[in-house]
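Coordinates as given in input-v4.tsv (TSV, C-alpha atoms):
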```tsv
chain	number	residue	atom	x	y	z
A	1	MET	CA	-38.23	21.23	88.21
A	2	SER	CA	-37.91	19.08	85.05
A	3	GLU	CA	-40.03	19.67	81.93
A	4	PRO	CA	-42.54	16.92	81.03
A	5	SER	CA	-41.40	14.80	78.10
A	6	VAL	CA	-43.35	14.93	74.86
A	7	ASP	CA	-43.88	11.81	72.76
A	8	ASN	CA	-43.44	12.81	69.12
A	9	SER	CA	-43.92	9.31	67.76
A	10	SER	CA	-47.63	9.87	67.06
A	11	THR	CA	-46.79	13.08	65.24
A	12	ARG	CA	-44.25	11.34	63.09
A	13	SER	CA	-46.69	8.54	62.23
A	14	ALA	CA	-49.36	11.01	61.06
A	15	ALA	CA	-47.51	11.93	57.89
A	16	ALA	CA	-49.58	12.91	54.85
A	17	VAL	CA	-50.83	10.07	52.65
A	18	ILE	CA	-48.81	9.35	49.53
A	19	ILE	CA	-50.49	10.37	46.31
A	20	HIS	CA	-49.43	9.86	42.72
A	21	GLU	CA	-49.14	12.17	39.79
A	22	PRO	CA	-51.87	11.97	37.12
A	23	TYR	CA	-51.50	9.13	34.70
A	24	PRO	CA	-49.38	10.17	31.73
A	25	LYS	CA	-50.86	10.25	28.28
A	26	PRO	CA	-50.24	7.06	26.31
A	27	GLU	CA	-46.93	6.98	24.52
A	28	ALA	CA	-46.85	8.44	21.06
A	29	THR	CA	-46.87	5.77	18.39
A	30	GLU	CA	-45.07	5.71	15.10
A	31	PHE	CA	-48.06	3.97	13.52
A	32	ASP	CA	-50.19	6.04	11.18
A	33	GLY	CA	-53.69	4.65	11.41
A	34	ARG	CA	-54.62	6.40	8.17
A	35	ASP	CA	-52.01	4.38	6.27
A	36	LYS	CA	-53.92	1.40	4.91
A	37	ILE	CA	-53.76	-1.44	2.44
A	38	ILE	CA	-56.69	-1.89	0.05
A	39	PHE	CA	-57.83	-5.31	-1.15
A	40	HIS	CA	-59.66	-5.37	-4.48
A	41	HIS	CA	-61.96	-7.58	-6.56
A	42	PRO	CA	-60.46	-7.86	-10.09
A	43	GLY	CA	-63.87	-8.24	-11.73
A	44	TYR	CA	-65.11	-4.70	-11.09
A	45	HIS	CA	-64.06	-1.22	-12.10
A	46	PRO	CA	-61.90	0.90	-9.77
A	47	LEU	CA	-63.75	2.61	-6.90
A	48	HIS	CA	-66.37	-0.15	-7.03
A	49	ASP	CA	-63.93	-3.03	-6.57
A	50	ILE	CA	-62.93	-2.73	-2.89
A	51	LEU	CA	-63.34	-5.88	-0.82
A	52	PHE	CA	-62.06	-4.36	2.43
A	53	ILE	CA	-59.32	-2.14	3.88
A	54	LEU	CA	-56.88	-2.91	6.70
A	55	PRO	CA	-54.52	-0.52	8.53
A	56	ARG	CA	-50.76	-1.08	8.49
A	57	LEU	CA	-50.25	-2.17	12.09
A	58	ASP	CA	-47.97	-5.19	11.65
A	59	ARG	CA	-44.19	-5.12	11.64
A	60	SER	CA	-41.50	-7.62	10.76
A	61	SER	CA	-37.97	-8.11	12.06
A	62	MET	CA	-36.84	-8.21	8.44
A	63	SER	CA	-38.38	-4.90	7.38
A	64	LEU	CA	-38.75	-1.42	8.81
A	65	GLN	CA	-41.88	-0.90	6.73
A	66	GLN	CA	-45.27	-1.43	8.32
A	67	GLY	CA	-47.81	-3.68	6.67
A	68	VAL	CA	-50.50	-6.31	7.19
A	69	HIS	CA	-50.07	-9.96	8.17
A	70	TYR	CA	-50.37	-11.95	4.94
A	71	GLY	CA	-52.28	-14.89	6.39
A	72	THR	CA	-54.85	-12.65	8.08
A	73	ALA	CA	-55.57	-10.71	4.88
A	74	LEU	CA	-55.64	-13.79	2.65
A	75	THR	CA	-58.04	-15.70	4.91
A	76	ALA	CA	-60.36	-12.68	5.12
A	77	CYS	CA	-60.51	-12.53	1.31
A	78	GLN	CA	-61.18	-16.26	1.07
A	79	ILE	CA	-63.99	-16.14	3.62
A	80	ILE	CA	-65.97	-13.31	2.04
A	81	ALA	CA	-65.47	-14.87	-1.41
A	82	ASN	CA	-67.68	-17.73	-0.20
A	83	ASN	CA	-64.90	-19.88	1.30
A	84	ALA	CA	-62.68	-19.74	-1.79
A	85	PHE	CA	-59.68	-21.29	-0.03
A	86	ASP	CA	-57.89	-21.85	-3.33
A	87	GLY	CA	-57.90	-18.11	-3.97
A	88	TYR	CA	-54.71	-16.08	-4.03
A	89	LEU	CA	-53.53	-12.48	-3.80
A	90	ALA	CA	-51.66	-10.63	-6.53
A	91	THR	CA	-50.09	-7.20	-6.76
A	92	ASP	CA	-51.64	-6.47	-10.16
A	93	ARG	CA	-55.19	-6.44	-11.50
A	94	GLU	CA	-54.39	-9.14	-14.07
A	95	GLY	CA	-53.21	-11.62	-11.43
A	96	CYS	CA	-49.79	-12.19	-12.96
A	97	GLU	CA	-47.74	-11.21	-9.90
A	98	ARG	CA	-48.91	-13.78	-7.35
A	99	VAL	CA	-48.03	-13.11	-3.73
A	100	ASP	CA	-47.80	-16.74	-2.63
A	101	SER	CA	-44.78	-17.31	-4.87
A	102	ASN	CA	-42.49	-15.43	-2.50
A	103	LEU	CA	-44.33	-15.00	0.82
A	104	ASP	CA	-45.01	-17.30	3.75
A	105	PHE	CA	-48.33	-17.25	5.63
A	106	ASP	CA	-46.77	-15.25	8.49
A	107	HIS	CA	-44.90	-12.75	6.34
A	108	LEU	CA	-45.85	-9.13	5.78
A	109	LEU	CA	-47.80	-7.44	2.98
A	110	THR	CA	-46.35	-4.00	2.28
A	111	LYS	CA	-47.81	-2.86	-1.06
A	112	SER	CA	-50.65	-0.35	-1.13
A	113	ASP	CA	-53.02	-2.48	-3.22
A	114	TYR	CA	-53.70	-6.19	-3.71
A	115	TRP	CA	-56.21	-8.09	-5.85
A	116	PHE	CA	-57.82	-11.38	-4.82
A	117	PHE	CA	-58.31	-14.05	-7.49
A	118	VAL	CA	-60.35	-17.27	-7.42
A	119	PRO	CA	-59.04	-19.69	-10.08
A	120	SER	CA	-61.87	-22.18	-9.62
A	121	THR	CA	-64.57	-19.66	-10.52
A	122	SER	CA	-67.09	-21.01	-13.01
A	123	PRO	CA	-67.47	-18.94	-16.21
A	124	ASN	CA	-71.13	-18.57	-15.23
A	125	LEU	CA	-70.04	-16.89	-11.98
A	126	ASN	CA	-67.61	-14.40	-13.42
A	127	PRO	CA	-66.96	-12.11	-11.63
A	128	TYR	CA	-66.83	-14.40	-8.63
A	129	PRO	CA	-69.53	-13.68	-6.01
A	130	ILE	CA	-69.02	-12.04	-2.63
A	131	VAL	CA	-71.09	-13.12	0.37
A	132	PRO	CA	-73.09	-9.98	1.25
A	133	SER	CA	-73.67	-10.69	4.94
A	134	PHE	CA	-72.90	-13.07	7.77
A	135	ARG	CA	-76.36	-14.63	7.54
A	136	ASP	CA	-75.74	-15.53	3.89
A	137	TRP	CA	-72.42	-17.23	4.64
A	138	ALA	CA	-72.21	-21.03	4.86
A	139	PHE	CA	-69.74	-22.26	7.48
A	140	PRO	CA	-66.95	-24.34	5.84
A	141	HIS	CA	-67.15	-27.50	7.96
A	142	GLY	CA	-63.92	-29.43	7.82
A	143	SER	CA	-62.16	-26.85	5.65
A	144	ILE	CA	-60.78	-24.25	8.06
A	145	PRO	CA	-57.27	-23.39	6.79
A	146	ARG	CA	-54.21	-23.13	9.05
A	147	TRP	CA	-55.80	-22.63	12.44
A	148	PRO	CA	-53.47	-23.78	15.26
A	149	GLN	CA	-54.44	-25.46	18.50
A	150	LEU	CA	-55.47	-23.03	21.20
A	151	GLU	CA	-52.98	-22.11	23.92
A	152	TYR	CA	-54.05	-22.39	27.56
A	153	ALA	CA	-52.72	-20.98	30.81
A	154	ALA	CA	-50.54	-23.41	32.80
A	155	ASN	CA	-52.19	-22.46	36.09
A	156	SER	CA	-55.77	-21.58	35.33
A	157	ASP	CA	-57.40	-18.93	37.51
A	158	ILE	CA	-60.81	-19.87	38.84
A	159	ASP	CA	-61.95	-16.26	38.49
A	160	HIS	CA	-61.68	-16.36	34.69
A	161	ARG	CA	-59.35	-13.50	33.96
A	162	CYS	CA	-59.52	-11.45	30.78
A	163	ILE	CA	-57.82	-13.45	28.04
A	164	VAL	CA	-56.04	-10.32	26.78
A	165	THR	CA	-55.12	-8.20	29.82
A	166	ARG	CA	-55.03	-11.09	32.35
A	167	THR	CA	-56.87	-8.87	34.84
A	168	ALA	CA	-59.58	-10.29	37.10
A	169	GLY	CA	-61.83	-7.29	37.67
A	170	PHE	CA	-64.70	-6.06	35.51
A	171	VAL	CA	-64.64	-9.16	33.31
A	172	LYS	CA	-67.60	-10.15	31.15
A	173	GLN	CA	-68.33	-13.09	28.90
A	174	ALA	CA	-68.33	-12.10	25.23
A	175	HIS	CA	-70.06	-14.26	22.62
A	176	LEU	CA	-68.02	-15.26	19.59
A	177	ILE	CA	-71.04	-15.97	17.43
A	178	PRO	CA	-73.52	-13.28	18.57
A	179	THR	CA	-76.80	-14.38	20.09
A	180	ALA	CA	-78.57	-12.35	17.40
A	181	GLU	CA	-77.27	-14.94	14.93
A	182	GLU	CA	-78.92	-17.92	16.63
A	183	GLU	CA	-80.84	-18.83	13.48
A	184	TRP	CA	-77.57	-18.90	11.49
A	185	PHE	CA	-76.07	-21.03	14.28
A	186	LYS	CA	-78.83	-23.63	13.85
A	187	ILE	CA	-78.98	-23.57	10.05
A	188	ASN	CA	-75.23	-24.17	9.82
A	189	ALA	CA	-75.32	-27.02	12.36
A	190	MET	CA	-72.87	-25.34	14.70
A	191	TYR	CA	-74.33	-27.45	17.51
A	192	GLN	CA	-71.80	-30.15	16.58
A	193	TYR	CA	-69.02	-28.07	18.14
A	194	GLY	CA	-68.58	-27.61	21.87
A	195	SER	CA	-70.48	-29.30	24.67
A	196	HIS	CA	-74.07	-28.89	23.48
A	197	GLY	CA	-76.09	-27.26	20.74
A	198	ASP	CA	-76.93	-23.97	22.42
A	199	ILE	CA	-75.42	-20.69	21.22
A	200	ASN	CA	-75.00	-19.64	24.88
A	201	GLN	CA	-72.67	-22.52	25.71
A	202	LYS	CA	-69.36	-21.64	27.35
A	203	HIS	CA	-67.40	-22.75	24.29
A	204	ASN	CA	-68.91	-19.83	22.39
A	205	LYS	CA	-67.74	-17.29	24.97
A	206	ILE	CA	-64.47	-15.65	25.96
A	207	ALA	CA	-63.67	-13.61	29.06
A	208	LEU	CA	-62.89	-9.97	28.31
A	209	ARG	CA	-62.52	-6.91	30.51
A	210	HIS	CA	-65.52	-4.65	30.05
A	211	ASP	CA	-63.74	-2.12	27.81
A	212	LEU	CA	-62.31	-4.83	25.57
A	213	HIS	CA	-65.73	-6.50	25.54
A	214	SER	CA	-67.19	-3.28	24.15
A	215	ALA	CA	-64.41	-3.00	21.56
A	216	PHE	CA	-64.94	-6.64	20.56
A	217	ASP	CA	-68.68	-6.12	20.09
A	218	THR	CA	-68.04	-3.12	17.83
A	219	HIS	CA	-65.57	-5.21	15.78
A	220	LEU	CA	-62.56	-3.07	16.59
A	221	PHE	CA	-60.48	-6.24	16.73
A	222	ALA	CA	-60.60	-9.94	16.00
A	223	ILE	CA	-58.64	-12.89	17.37
A	224	VAL	CA	-56.55	-14.49	14.63
A	225	PRO	CA	-53.66	-16.97	14.32
A	226	LYS	CA	-50.15	-15.64	13.77
A	227	ASN	CA	-46.95	-17.64	14.19
A	228	ASN	CA	-48.90	-20.55	15.74
A	229	HIS	CA	-50.45	-18.32	18.42
A	230	TYR	CA	-53.78	-16.58	18.69
A	231	VAL	CA	-53.38	-12.81	18.93
A	232	VAL	CA	-55.38	-9.60	18.91
A	233	HIS	CA	-55.60	-8.12	15.42
A	234	GLN	CA	-57.04	-4.63	15.16
A	235	LEU	CA	-59.18	-3.87	12.11
A	236	HIS	CA	-59.11	-0.08	12.03
A	237	ALA	CA	-57.05	2.63	13.69
A	238	ALA	CA	-57.90	5.98	12.14
A	239	GLU	CA	-58.93	7.75	15.36
A	240	ALA	CA	-56.57	8.66	18.21
A	241	GLY	CA	-58.36	6.35	20.64
A	242	ALA	CA	-58.12	3.42	18.24
A	243	MET	CA	-54.42	4.08	17.72
A	244	GLU	CA	-53.84	4.00	21.47
A	245	PHE	CA	-55.74	0.72	21.62
A	246	ALA	CA	-53.51	-0.71	18.88
A	247	LEU	CA	-50.38	0.36	20.75
A	248	ALA	CA	-51.62	-1.39	23.88
A	249	TYR	CA	-53.05	-4.63	22.46
A	250	HIS	CA	-52.37	-5.26	18.76
A	251	ASN	CA	-50.53	-8.56	18.19
A	252	TYR	CA	-50.59	-9.49	21.90
A	253	LYS	CA	-51.24	-13.18	22.53
A	254	VAL	CA	-54.49	-14.30	24.12
A	255	VAL	CA	-54.51	-17.14	26.65
A	256	LEU	CA	-57.59	-19.12	27.60
A	257	GLN	CA	-58.26	-20.52	31.03
A	258	GLU	CA	-59.33	-24.12	30.53
A	259	PRO	CA	-58.71	-26.83	27.91
A	260	GLU	CA	-61.42	-26.80	25.25
A	261	ASP	CA	-62.78	-23.57	26.72
A	262	VAL	CA	-63.30	-22.26	23.19
A	263	VAL	CA	-63.36	-24.23	19.96
A	264	PRO	CA	-61.54	-22.86	16.86
A	265	GLU	CA	-64.66	-23.11	14.70
A	266	PHE	CA	-66.40	-20.39	16.73
A	267	LEU	CA	-63.34	-18.14	16.54
A	268	PHE	CA	-63.21	-18.66	12.79
A	269	ALA	CA	-66.89	-17.75	12.41
A	270	ARG	CA	-66.29	-14.58	14.40
A	271	ARG	CA	-63.74	-13.44	11.83
A	272	PHE	CA	-66.42	-13.12	9.17
A	273	CYS	CA	-68.51	-10.92	11.48
A	274	ALA	CA	-65.55	-8.69	12.27
A	275	VAL	CA	-64.18	-8.15	8.77
A	276	LYS	CA	-67.54	-7.89	7.04
A	277	ASP	CA	-69.14	-5.55	9.55
A	278	GLU	CA	-66.11	-3.36	10.03
A	279	ASN	CA	-65.54	-2.96	6.30
A	280	GLY	CA	-69.11	-2.13	5.32
A	281	ILE	CA	-67.87	-0.95	1.95
A	282	THR	CA	-68.23	-4.53	0.70
A	283	ALA	CA	-71.96	-4.37	1.23
A	284	GLY	CA	-72.41	-0.72	0.35
A	285	TYR	CA	-72.84	-1.02	-3.41
A	286	ASN	CA	-73.91	-3.63	-5.89
A	287	ILE	CA	-72.95	-2.97	-9.51
A	288	LYS	CA	-75.32	-4.33	-12.15
A	289	SER	CA	-75.46	-4.23	-15.92
A	290	GLU	CA	-78.91	-4.71	-17.38
A	291	TRP	CA	-80.73	-4.10	-20.65
A	292	LEU	CA	-83.49	-1.50	-20.76
A	293	SER	CA	-85.88	-0.91	-23.59
A	294	PRO	CA	-86.27	2.67	-24.84
A	295	THR	CA	-89.66	2.84	-23.12
A	296	GLN	CA	-88.14	1.73	-19.82
A	297	LEU	CA	-85.32	4.21	-20.29
A	298	ALA	CA	-87.76	7.06	-20.86
A	299	ASP	CA	-89.94	6.00	-17.95
A	300	GLN	CA	-87.01	5.99	-15.53
A	301	TYR	CA	-85.37	9.24	-16.63
A	302	SER	CA	-88.14	11.38	-18.10
A	303	GLY	CA	-89.90	12.27	-14.86
A	304	GLY	CA	-93.35	11.50	-16.25
A	305	GLY	CA	-93.44	9.13	-19.16
A	306	ALA	CA	-91.99	9.24	-22.65
A	307	GLN	CA	-93.45	12.60	-23.56
A	308	SER	CA	-91.99	14.48	-20.60
A	309	ALA	CA	-88.48	13.43	-21.50
A	310	SER	CA	-88.54	16.16	-24.14
A	311	PRO	CA	-86.90	19.41	-22.97
A	312	SER	CA	-89.47	21.46	-24.87
A	313	LYS	CA	-92.28	19.75	-22.97
A	314	ARG	CA	-90.55	20.46	-19.70
A	315	LYS	CA	-90.17	24.10	-20.63
A	316	ARG	CA	-93.85	24.49	-21.40
A	317	ASN	CA	-94.73	22.98	-18.05
A	318	GLY	CA	-92.55	25.51	-16.32
A	319	GLU	CA	-93.08	28.69	-18.32
A	320	GLY	CA	-91.75	31.78	-16.66
A	321	ASN	CA	-89.02	29.86	-14.84
A	322	SER	CA	-85.55	30.15	-16.23
A	323	ASP	CA	-83.31	27.10	-15.96
A	324	SER	CA	-80.11	29.11	-16.23
A	325	SER	CA	-78.87	32.15	-14.40
A	326	ASP	CA	-78.01	34.05	-17.56
A	327	GLY	CA	-81.48	33.65	-19.08
A	328	SER	CA	-80.19	31.61	-22.03
A	329	ASP	CA	-82.49	29.02	-23.59
A	330	ASN	CA	-80.80	25.65	-24.16
A	331	SER	CA	-84.00	23.92	-25.22
A	332	ASP	CA	-82.96	23.71	-28.88
A	333	THR	CA	-79.69	22.00	-28.01
A	334	GLU	CA	-81.38	19.67	-25.57
A	335	GLY	CA	-84.17	18.99	-28.03
A	336	GLU	CA	-81.64	17.97	-30.65
A	337	TRP	CA	-80.03	15.59	-28.19
A	338	TYR	CA	-83.44	14.13	-27.32
A	339	GLU	CA	-84.45	13.60	-30.95
A	340	LYS	CA	-81.10	11.98	-31.75
A	341	ASN	CA	-80.72	9.75	-28.70
A	342	VAL	CA	-84.18	8.97	-27.30
A	343	ALA	CA	-86.99	9.72	-29.71
A	344	VAL	CA	-85.50	7.59	-32.45
A	345	LEU	CA	-85.37	4.64	-30.04
A	346	LEU	CA	-88.92	5.15	-28.88
A	347	GLU	CA	-90.12	4.78	-32.43
A	348	GLY	CA	-88.48	1.39	-32.88
A	349	ASP	CA	-88.47	0.21	-29.25
A	350	ARG	CA	-85.86	-2.36	-30.12
A	351	GLY	CA	-84.37	-2.67	-26.63
A	352	ARG	CA	-80.79	-1.75	-27.53
A	353	SER	CA	-80.11	0.81	-24.84
A	354	ARG	CA	-78.10	-0.38	-21.91
A	355	LYS	CA	-77.63	1.35	-18.58
A	356	ARG	CA	-75.02	0.63	-15.92
A	357	ARG	CA	-76.67	1.03	-12.53
A	358	CYS	CA	-75.21	1.23	-9.04
A	359	ASP	CA	-77.69	0.04	-6.41
A	360	ARG	CA	-77.10	1.00	-2.79
```

How would this structure read if it were set down as structure tokens?
Amino acid sequence: MSEPSVDNSSTRSAAAVIIHEPYPKPEATEFDGRDKIIFHHPGYHPLHDILFILPRLDRSSMSLQQGVHYGTALTACQIIANNAFDGYLATDREGCERVDSNLDFDHLLTKSDYWFFVPSTSPNLNPYPIVPSFRDWAFPHGSIPRWPQLEYAANSDIDHRCIVTRTAGFVKQAHLIPTAEEEWFKINAMYQYGSHGDINQKHNKIALRHDLHSAFDTHLFAIVPKNNHYVVHQLHAAEAGAMEFALAYHNYKVVLQEPEDVVPEFLFARRFCAVKDENGITAGYNIKSEWLSPTQLADQYSGGGAQSASPSKRKRNGEGNSDSSDGSDNSDTEGEWYEKNVAVLLEGDRGRSRKRRCDR
């Protein structure tokens, strides 16, 4: 009697599903996000003269050294110096070693420090002013320097893919000029660009995948022209996550979906937002020099009028409390300083004392 045949085909077709190994960690990068180039204002003292800082994320085929794209840095300086498009960079505080004498717009800056000079500055505006915020900036109509025509995809996708990753999923529309700046949009007559005068028009939006949209809103990167293309330019890279982002996207071209989808003027305006907000150091301090009369000086530093500026008065108000751990009494020394430097001025009140103040 023959054995019944067994069909093993169903067994063979029930093989285990294929799975993949966990995603590997991003490749290690040779970039050091802490290695930066500092751009200075020549009219202020060191430590108070920083315009902004950019990480060394750019490379050149002619140099192994990392640096910053010259055109990107120069334009950023010009914008925050109130559209000073005649301004130039130098490698010294005196402005003798001009950068533009030996560098093209798309070359690389490799020094650690640069100073930005504005030759057309009026003597009455020396040092030249810096625009403190986006809302104080006047858009330079008709004066945008070296901004190429936008590049568009040959076969546009109707689903509006991300202009950086070219992916279709999880894409959002990101505003170039933020909706919070609608008043600035109107005051600067930005309605003349695009299809109509509304800040929510499609010409003021770009398609970005949700993670890049978040990075764009936090000013991690801007879209700038390099070598006649628009590319992603990252503005800081100190943290590990930001370094991985730079490795994935820095200097990658962006491609828009439709002709006239975005106008260059809105991209240019976005650059001010990105550089100014990311480098808050420019708005952190305002150095002033002002004259104070002796009475004003005493009022501000005495803690209670001219009389309380005297150390002996302070000691009487706090009898029983020692100001020093060793019990020594410095009131005589302090009293001598007071009589020599303050009391004599209070008598004459001639307004000769000057104070240098740093306002936050």

Q) At what distance in Å, to one decimal, does CA of Gln192 (chain A) lie from CA of Asp217 (chain A)? A)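 Computed distance, CA of Asp217 (chain A) to CA of Gln192 (chain A), equals 24.5 Å.
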
(Q) What does the structure give for the distance between CA of Asp35 (chain A) and CA of Thr110 (chain A), in Å to one decimal? (A)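 Computing the Euclidean distance for CA of Asp35 (chain A) and CA of Thr110 (chain A) yields 10.9 Å.
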
Q) If you measure from CA of Val99 (chain A) to CA of His233 (chain A), what distance in Å do you get, rounded to one decimal? A)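 For CA of Val99 (chain A) relative to CA of His233 (chain A), the distance reads 21.2 Å.
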
Q) Within 12 Å of (-53.7, -18.1, 16.9), only C-alpha atoms: residues as number ranges by chain? A) A: 71-72, 106, 145-152, 222-233, 251-256, 263-264, 267-268

**Q.** Shell of 7 Å around region 181-186 of chain A, all atoms listed in the file, local chain residues under 5 positions omitted, as a PyMOL selection string
**A.** chain A and resi 135+191+199

Could the residues in this selection be saved with C-alpha atoms as a PDB file, in the frame of the given file?
```pdb
ATOM      1  CA  ARG A 135     -76.360 -14.630   7.540  1.00  0.00           C
ATOM      2  CA  TYR A 191     -74.330 -27.450  17.510  1.00  0.00           C
ATOM      3  CA  ILE A 199     -75.420 -20.690  21.220  1.00  0.00           C
TER       4      ILE A 199
END
```

Q. Between A:Phe85, A:Phe221, A:Phe139, A:Phe266, which is the closest to Pro55 (chain A) once you count all atoms listed in the file?
A.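 Smallest separation from Pro55 (chain A) among the options: A:Phe221.
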
**Q.** Nearest residue to Leu103 (chain A) from the set A:Leu208, A:Asp49, A:Leu89, A:Ser143 (distances using all atoms listed in the file)
**A.** A:Leu89

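When all atoms listed in the file are used to measure the gap to Thr91 (chain A), the shortest distance among A:Phe52, A:Phe39, A:Phe170, A:Phe105 belongs to A:Phe39.
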
(Q) Nearest residue to Phe245 (chain A) out of A:Pro119, A:Asn188, A:Leu220, A:Asn83, using only C-alpha atoms? (A)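 Ranked by minimum distance to Phe245 (chain A), first place goes to A:Leu220.
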
Just add N, CA and C atoms to region 75-89 of chain A and send it as a PDB file, in the frame of the given file.
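Final output, saved to result-v2.pdb:
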```pdb
ATOM      1  N   THR A  75     -56.895 -14.955   4.387  1.00  0.00           N
ATOM      2  CA  THR A  75     -58.040 -15.700   4.910  1.00  0.00           C
ATOM      3  C   THR A  75     -59.307 -14.862   4.874  1.00  0.00           C
ATOM      4  N   ALA A  76     -59.193 -13.564   5.175  1.00  0.00           N
ATOM      5  CA  ALA A  76     -60.360 -12.680   5.120  1.00  0.00           C
ATOM      6  C   ALA A  76     -60.920 -12.623   3.704  1.00  0.00           C
ATOM      7  N   CYS A  77     -60.051 -12.531   2.707  1.00  0.00           N
ATOM      8  CA  CYS A  77     -60.510 -12.530   1.310  1.00  0.00           C
ATOM      9  C   CYS A  77     -61.211 -13.841   0.976  1.00  0.00           C
ATOM     10  N   GLN A  78     -60.615 -14.936   1.383  1.00  0.00           N
ATOM     11  CA  GLN A  78     -61.180 -16.260   1.070  1.00  0.00           C
ATOM     12  C   GLN A  78     -62.552 -16.451   1.700  1.00  0.00           C
ATOM     13  N   ILE A  79     -62.712 -15.964   2.922  1.00  0.00           N
ATOM     14  CA  ILE A  79     -63.990 -16.140   3.620  1.00  0.00           C
ATOM     15  C   ILE A  79     -65.102 -15.378   2.910  1.00  0.00           C
ATOM     16  N   ILE A  80     -64.887 -14.101   2.622  1.00  0.00           N
ATOM     17  CA  ILE A  80     -65.970 -13.310   2.040  1.00  0.00           C
ATOM     18  C   ILE A  80     -66.197 -13.644   0.567  1.00  0.00           C
ATOM     19  N   ALA A  81     -65.260 -14.380  -0.045  1.00  0.00           N
ATOM     20  CA  ALA A  81     -65.470 -14.870  -1.410  1.00  0.00           C
ATOM     21  C   ALA A  81     -66.103 -16.261  -1.370  1.00  0.00           C
ATOM     22  N   ASN A  82     -66.917 -16.488  -0.348  1.00  0.00           N
ATOM     23  CA  ASN A  82     -67.680 -17.730  -0.200  1.00  0.00           C
ATOM     24  C   ASN A  82     -66.765 -18.934  -0.007  1.00  0.00           C
ATOM     25  N   ASN A  83     -65.787 -18.777   0.922  1.00  0.00           N
ATOM     26  CA  ASN A  83     -64.900 -19.880   1.300  1.00  0.00           C
ATOM     27  C   ASN A  83     -64.048 -20.354   0.124  1.00  0.00           C
ATOM     28  N   ALA A  84     -63.538 -19.415  -0.646  1.00  0.00           N
ATOM     29  CA  ALA A  84     -62.680 -19.740  -1.790  1.00  0.00           C
ATOM     30  C   ALA A  84     -61.246 -19.928  -1.304  1.00  0.00           C
ATOM     31  N   PHE A  85     -60.972 -21.073  -0.661  1.00  0.00           N
ATOM     32  CA  PHE A  85     -59.680 -21.290  -0.030  1.00  0.00           C
ATOM     33  C   PHE A  85     -58.565 -21.614  -1.023  1.00  0.00           C
ATOM     34  N   ASP A  86     -58.914 -21.711  -2.303  1.00  0.00           N
ATOM     35  CA  ASP A  86     -57.890 -21.850  -3.330  1.00  0.00           C
ATOM     36  C   ASP A  86     -57.529 -20.489  -3.931  1.00  0.00           C
ATOM     37  N   GLY A  87     -58.164 -19.446  -3.450  1.00  0.00           N
ATOM     38  CA  GLY A  87     -57.900 -18.110  -3.970  1.00  0.00           C
ATOM     39  C   GLY A  87     -56.531 -17.596  -3.552  1.00  0.00           C
ATOM     40  N   TYR A  88     -56.033 -16.629  -4.299  1.00  0.00           N
ATOM     41  CA  TYR A  88     -54.710 -16.080  -4.030  1.00  0.00           C
ATOM     42  C   TYR A  88     -54.695 -14.569  -4.248  1.00  0.00           C
ATOM     43  N   LEU A  89     -53.721 -13.915  -3.646  1.00  0.00           N
ATOM     44  CA  LEU A  89     -53.530 -12.480  -3.800  1.00  0.00           C
ATOM     45  C   LEU A  89     -52.473 -12.208  -4.869  1.00  0.00           C
TER      46      LEU A  89
END
```
